[in-house]
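Colleague: Below are the structure tokens for one structure; questions will follow.
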Amino acid sequence: MKKIWIVYLLLIACFALYVLDFRAQQSRMNEQWGTGGLRGEIDEKYVMVTFQMGIDYWKSGLKGFEDAAQALNVSVEYRGSTQRDVHEQITVLEQVIAKKPAGIAISAIHPSLLTATINKAVDAGIPVVLFDSDAPGSKAYSFLGTDNYAAGVEAARKMAELTGGQGEVAVVTTPDQQNHQERTNGFADTIAAEFPGIRIVDVKNGKGDQLASRQAAEEILRAHPGVGGIFATEANGGIGVAEAVRAAGGGSNAGSGPRIISFDTDKGTLDLVKSGDIAATMAQGTWNMGYWSLQFLFSLKHGLGGSSNPGAPRIPKQADTGITVVTQQNVDDYYAK
């Protein structure tokens, strides 16, 4: 009988120690993640890597990255290829890796061609997260961005609303980039499943370039003069398509021509939405992409978000940063203040 009581007492003691240890862990986590949060050192540098780094699209994401850096007391650097060139982006990423930063957030210009370089960074112990455009076969810890397939679904439903659910439509996209593939697939699948009166007559490569997208739209207009709508899966494409429609005698002034749905909220796109040349554009949560990319990297750097610290909040493998539809009715809300 005495032995049984000894066993009970040992079990109670072990449980008490477990509870005390658990509460201690919770207390540490609350100190780290509560008001004020865990803070780093100013010489702890994180790098954002994009492509076509001079375009307006990246400004909001970079602002989010910088805002997170201020909150965490760390430093950030912005790097990227100057052109839409995968080899240049690989070179830039190699240069960044050589400096051994605390972490890297990258928007991949190609879904697979950067995989080896991203893996090189992770294998070197540098935390990497992807944002905006994914490289799903890589060892990056997380992807933060729009649910691009769902965005394509929303664009298809908006197109059906604009065209009355009838007629021919086309797509100008960037087929070698993962996020644009997903937008196109979401759009095409939804048209096929929900709107039998609409037919996609052409899908053209706009190469993420305003001039190339204009030329692609001109080809669509010549081959399909009755086309009622064009979905452009990125901002340069939307502007190029709008130029082609205006040159062909359509657009807001003429009150005719295909209805255009674009992507993103750079000033050029917003101006065309305001004028009516673009009927709608899909606004991404780009500030969220930048802000949470740095928060995730910081967590990984400090052992708070990975498998090595199972008691801490795990960073998600994917994080949807949201989408909204911008039209003439709400466009003023999206200009930079």
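Ordering of the structure tokens sets the chain letters (A, B, ...), residue numbers begin anew at 1 in every chain, and ligands are numbered from 1 in the order given.
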How would you write, as JSON, numbers by chain, the set of residues in region 107-266 of chain A that DSSP gives as alpha helix (DSSP H)?

Modeller: {"A": [115, 116, 117, 118, 119, 120, 121, 122, 123, 148, 149, 150, 151, 152, 153, 154, 155, 156, 157, 158, 159, 160, 161, 162, 163, 178, 179, 180, 181, 182, 183, 184, 185, 186, 187, 188, 189, 190, 191, 192, 193, 194, 210, 211, 212, 213, 214, 215, 216, 217, 218, 219, 220, 221, 222, 223, 235, 236, 237, 238, 239, 240, 241, 242, 243, 244, 245, 246, 247]}

Colleague: DSSP on the backbone: which residues in region 33-278 of chain A end up as strand (DSSP E)? Give the answer as number ranges by chain.

Modeller: A: 45-50, 75-80, 103-106, 128-131, 142-145, 167-173, 198-205, 229-232, 259-263

Colleague: I'd like the neighbourhood of Asn119 (chain A) as a ChimeraX atom specification, where a residue qualifies if any of its atoms comes within 10 Å (using only C-alpha atoms), though same-chain residues fewer than 2 positions away should be ignored.

Modeller: /A:114-117,121-126,128,137-140

Colleague: Of the candidates A:Ala151, A:Ala248, A:Leu130, A:Ile220, which shows the shortest atom-to-atom distance to Met289 (chain A), using only C-alpha atoms?

Modeller: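 Between A:Ala151, A:Ala248, A:Leu130, A:Ile220, the residue approaching Met289 (chain A) most closely is A:Leu130.
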
Colleague: CA of Phe296 (chain A) and CA of Lys317 (chain A) are how many Å apart?

Modeller: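 Between CA of Phe296 (chain A) and CA of Lys317 (chain A) the gap works out to 10.5 Å.
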
Colleague: Identify, on the basis of only C-alpha atoms, every residue whose closest approach to region 181-194 of chain A does not exceed 7 Å; exclude the query and any residue fewer than 4 positions from it along the same chain; express the result as a PyMOL selection string.

Modeller: chain A and resi 148-153+155-156+175+177+198+233

Colleague: Pull all heavy atoms from the residues just selected and write them as a PDB file, in the first residue's frame.

Modeller:
ATOM      1  N   ASN A 148      -4.266  33.376 -55.629  1.00  0.00           N
ATOM      2  CA  ASN A 148      -4.391  33.842 -57.007  1.00  0.00           C
ATOM      3  C   ASN A 148      -5.473  33.114 -57.796  1.00  0.00           C
ATOM      4  O   ASN A 148      -6.109  33.701 -58.672  1.00  0.00           O
ATOM      5  CB  ASN A 148      -3.033  33.747 -57.706  1.00  0.00           C
ATOM      6  CG  ASN A 148      -2.092  34.819 -57.231  1.00  0.00           C
ATOM      7  OD1 ASN A 148      -2.311  35.993 -57.485  1.00  0.00           O
ATOM      8  ND2 ASN A 148      -1.047  34.423 -56.518  1.00  0.00           N
ATOM      9  N   TYR A 149      -5.682  31.849 -57.482  1.00  0.00           N
ATOM     10  CA  TYR A 149      -6.778  31.130 -58.140  1.00  0.00           C
ATOM     11  C   TYR A 149      -8.112  31.771 -57.755  1.00  0.00           C
ATOM     12  O   TYR A 149      -8.961  32.032 -58.615  1.00  0.00           O
ATOM     13  CB  TYR A 149      -6.752  29.654 -57.755  1.00  0.00           C
ATOM     14  CG  TYR A 149      -7.761  28.816 -58.514  1.00  0.00           C
ATOM     15  CD1 TYR A 149      -7.416  28.184 -59.704  1.00  0.00           C
ATOM     16  CD2 TYR A 149      -9.066  28.661 -58.043  1.00  0.00           C
ATOM     17  CE1 TYR A 149      -8.345  27.423 -60.409  1.00  0.00           C
ATOM     18  CE2 TYR A 149      -9.992  27.911 -58.734  1.00  0.00           C
ATOM     19  CZ  TYR A 149      -9.636  27.290 -59.915  1.00  0.00           C
ATOM     20  OH  TYR A 149     -10.563  26.551 -60.598  1.00  0.00           O
ATOM     21  N   ALA A 150      -8.289  32.048 -56.460  1.00  0.00           N
ATOM     22  CA  ALA A 150      -9.532  32.691 -55.994  1.00  0.00           C
ATOM     23  C   ALA A 150      -9.697  34.078 -56.603  1.00  0.00           C
ATOM     24  O   ALA A 150     -10.821  34.504 -56.908  1.00  0.00           O
ATOM     25  CB  ALA A 150      -9.537  32.761 -54.473  1.00  0.00           C
ATOM     26  N   ALA A 151      -8.585  34.789 -56.799  1.00  0.00           N
ATOM     27  CA  ALA A 151      -8.658  36.105 -57.442  1.00  0.00           C
ATOM     28  C   ALA A 151      -9.143  35.976 -58.881  1.00  0.00           C
ATOM     29  O   ALA A 151      -9.923  36.811 -59.361  1.00  0.00           O
ATOM     30  CB  ALA A 151      -7.288  36.780 -57.404  1.00  0.00           C
ATOM     31  N   GLY A 152      -8.678  34.936 -59.581  1.00  0.00           N
ATOM     32  CA  GLY A 152      -9.168  34.678 -60.931  1.00  0.00           C
ATOM     33  C   GLY A 152     -10.653  34.365 -60.952  1.00  0.00           C
ATOM     34  O   GLY A 152     -11.386  34.777 -61.870  1.00  0.00           O
ATOM     35  N   VAL A 153     -11.112  33.640 -59.923  1.00  0.00           N
ATOM     36  CA  VAL A 153     -12.548  33.347 -59.795  1.00  0.00           C
ATOM     37  C   VAL A 153     -13.342  34.648 -59.662  1.00  0.00           C
ATOM     38  O   VAL A 153     -14.362  34.852 -60.340  1.00  0.00           O
ATOM     39  CB  VAL A 153     -12.808  32.431 -58.581  1.00  0.00           C
ATOM     40  CG1 VAL A 153     -14.301  32.294 -58.301  1.00  0.00           C
ATOM     41  CG2 VAL A 153     -12.184  31.057 -58.801  1.00  0.00           C
ATOM     42  N   ALA A 155     -12.429  37.640 -60.591  1.00  0.00           N
ATOM     43  CA  ALA A 155     -12.346  38.392 -61.849  1.00  0.00           C
ATOM     44  C   ALA A 155     -13.343  37.852 -62.866  1.00  0.00           C
ATOM     45  O   ALA A 155     -13.980  38.625 -63.610  1.00  0.00           O
ATOM     46  CB  ALA A 155     -10.926  38.330 -62.399  1.00  0.00           C
ATOM     47  N   ALA A 156     -13.503  36.534 -62.924  1.00  0.00           N
ATOM     48  CA  ALA A 156     -14.465  35.930 -63.854  1.00  0.00           C
ATOM     49  C   ALA A 156     -15.888  36.349 -63.517  1.00  0.00           C
ATOM     50  O   ALA A 156     -16.697  36.670 -64.420  1.00  0.00           O
ATOM     51  CB  ALA A 156     -14.337  34.404 -63.822  1.00  0.00           C
ATOM     52  N   PRO A 175       2.433  33.722 -68.739  1.00  0.00           N
ATOM     53  CA  PRO A 175       2.276  32.291 -68.489  1.00  0.00           C
ATOM     54  C   PRO A 175       3.435  31.615 -67.769  1.00  0.00           C
ATOM     55  O   PRO A 175       3.264  30.523 -67.230  1.00  0.00           O
ATOM     56  CB  PRO A 175       2.084  31.706 -69.895  1.00  0.00           C
ATOM     57  CG  PRO A 175       2.662  32.708 -70.825  1.00  0.00           C
ATOM     58  CD  PRO A 175       2.451  34.037 -70.188  1.00  0.00           C
ATOM     59  N   GLN A 177       4.893  32.653 -65.047  1.00  0.00           N
ATOM     60  CA  GLN A 177       4.953  33.055 -63.646  1.00  0.00           C
ATOM     61  C   GLN A 177       3.794  32.403 -62.902  1.00  0.00           C
ATOM     62  O   GLN A 177       2.638  32.481 -63.331  1.00  0.00           O
ATOM     63  CB  GLN A 177       4.882  34.583 -63.522  1.00  0.00           C
ATOM     64  CG  GLN A 177       5.343  35.095 -62.167  1.00  0.00           C
ATOM     65  CD  GLN A 177       5.516  36.602 -62.157  1.00  0.00           C
ATOM     66  OE1 GLN A 177       6.082  37.182 -63.090  1.00  0.00           O
ATOM     67  NE2 GLN A 177       5.021  37.245 -61.114  1.00  0.00           N
ATOM     68  N   ILE A 198     -20.550  32.649 -71.909  1.00  0.00           N
ATOM     69  CA  ILE A 198     -19.285  33.338 -72.183  1.00  0.00           C
ATOM     70  C   ILE A 198     -18.269  32.336 -72.706  1.00  0.00           C
ATOM     71  O   ILE A 198     -18.177  31.211 -72.215  1.00  0.00           O
ATOM     72  CB  ILE A 198     -18.726  34.018 -70.911  1.00  0.00           C
ATOM     73  CG1 ILE A 198     -19.729  35.025 -70.352  1.00  0.00           C
ATOM     74  CG2 ILE A 198     -17.391  34.716 -71.206  1.00  0.00           C
ATOM     75  CD1 ILE A 198     -19.287  35.686 -69.062  1.00  0.00           C
ATOM     76  N   THR A 233      -3.859  40.055 -66.244  1.00  0.00           N
ATOM     77  CA  THR A 233      -3.527  39.521 -64.925  1.00  0.00           C
ATOM     78  C   THR A 233      -2.465  40.315 -64.169  1.00  0.00           C
ATOM     79  O   THR A 233      -2.050  39.898 -63.088  1.00  0.00           O
ATOM     80  CB  THR A 233      -3.077  38.046 -65.027  1.00  0.00           C
ATOM     81  OG1 THR A 233      -1.856  37.987 -65.783  1.00  0.00           O
ATOM     82  CG2 THR A 233      -4.139  37.181 -65.683  1.00  0.00           C
TER      83      THR A 233
END

Colleague: Under the rule that only C-alpha atoms are counted, which of A:Gly64, A:Gly206, A:Pro127, A:Gly229 is the nearest residue to Gly165 (chain A)?

Modeller: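 Closest candidate: A:Gly229.
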
Colleague: One decimal, in Å: what's the spacing between CA of Gly322 (chain A) and CA of Asp147 (chain A)?

Modeller: 7.2 Å
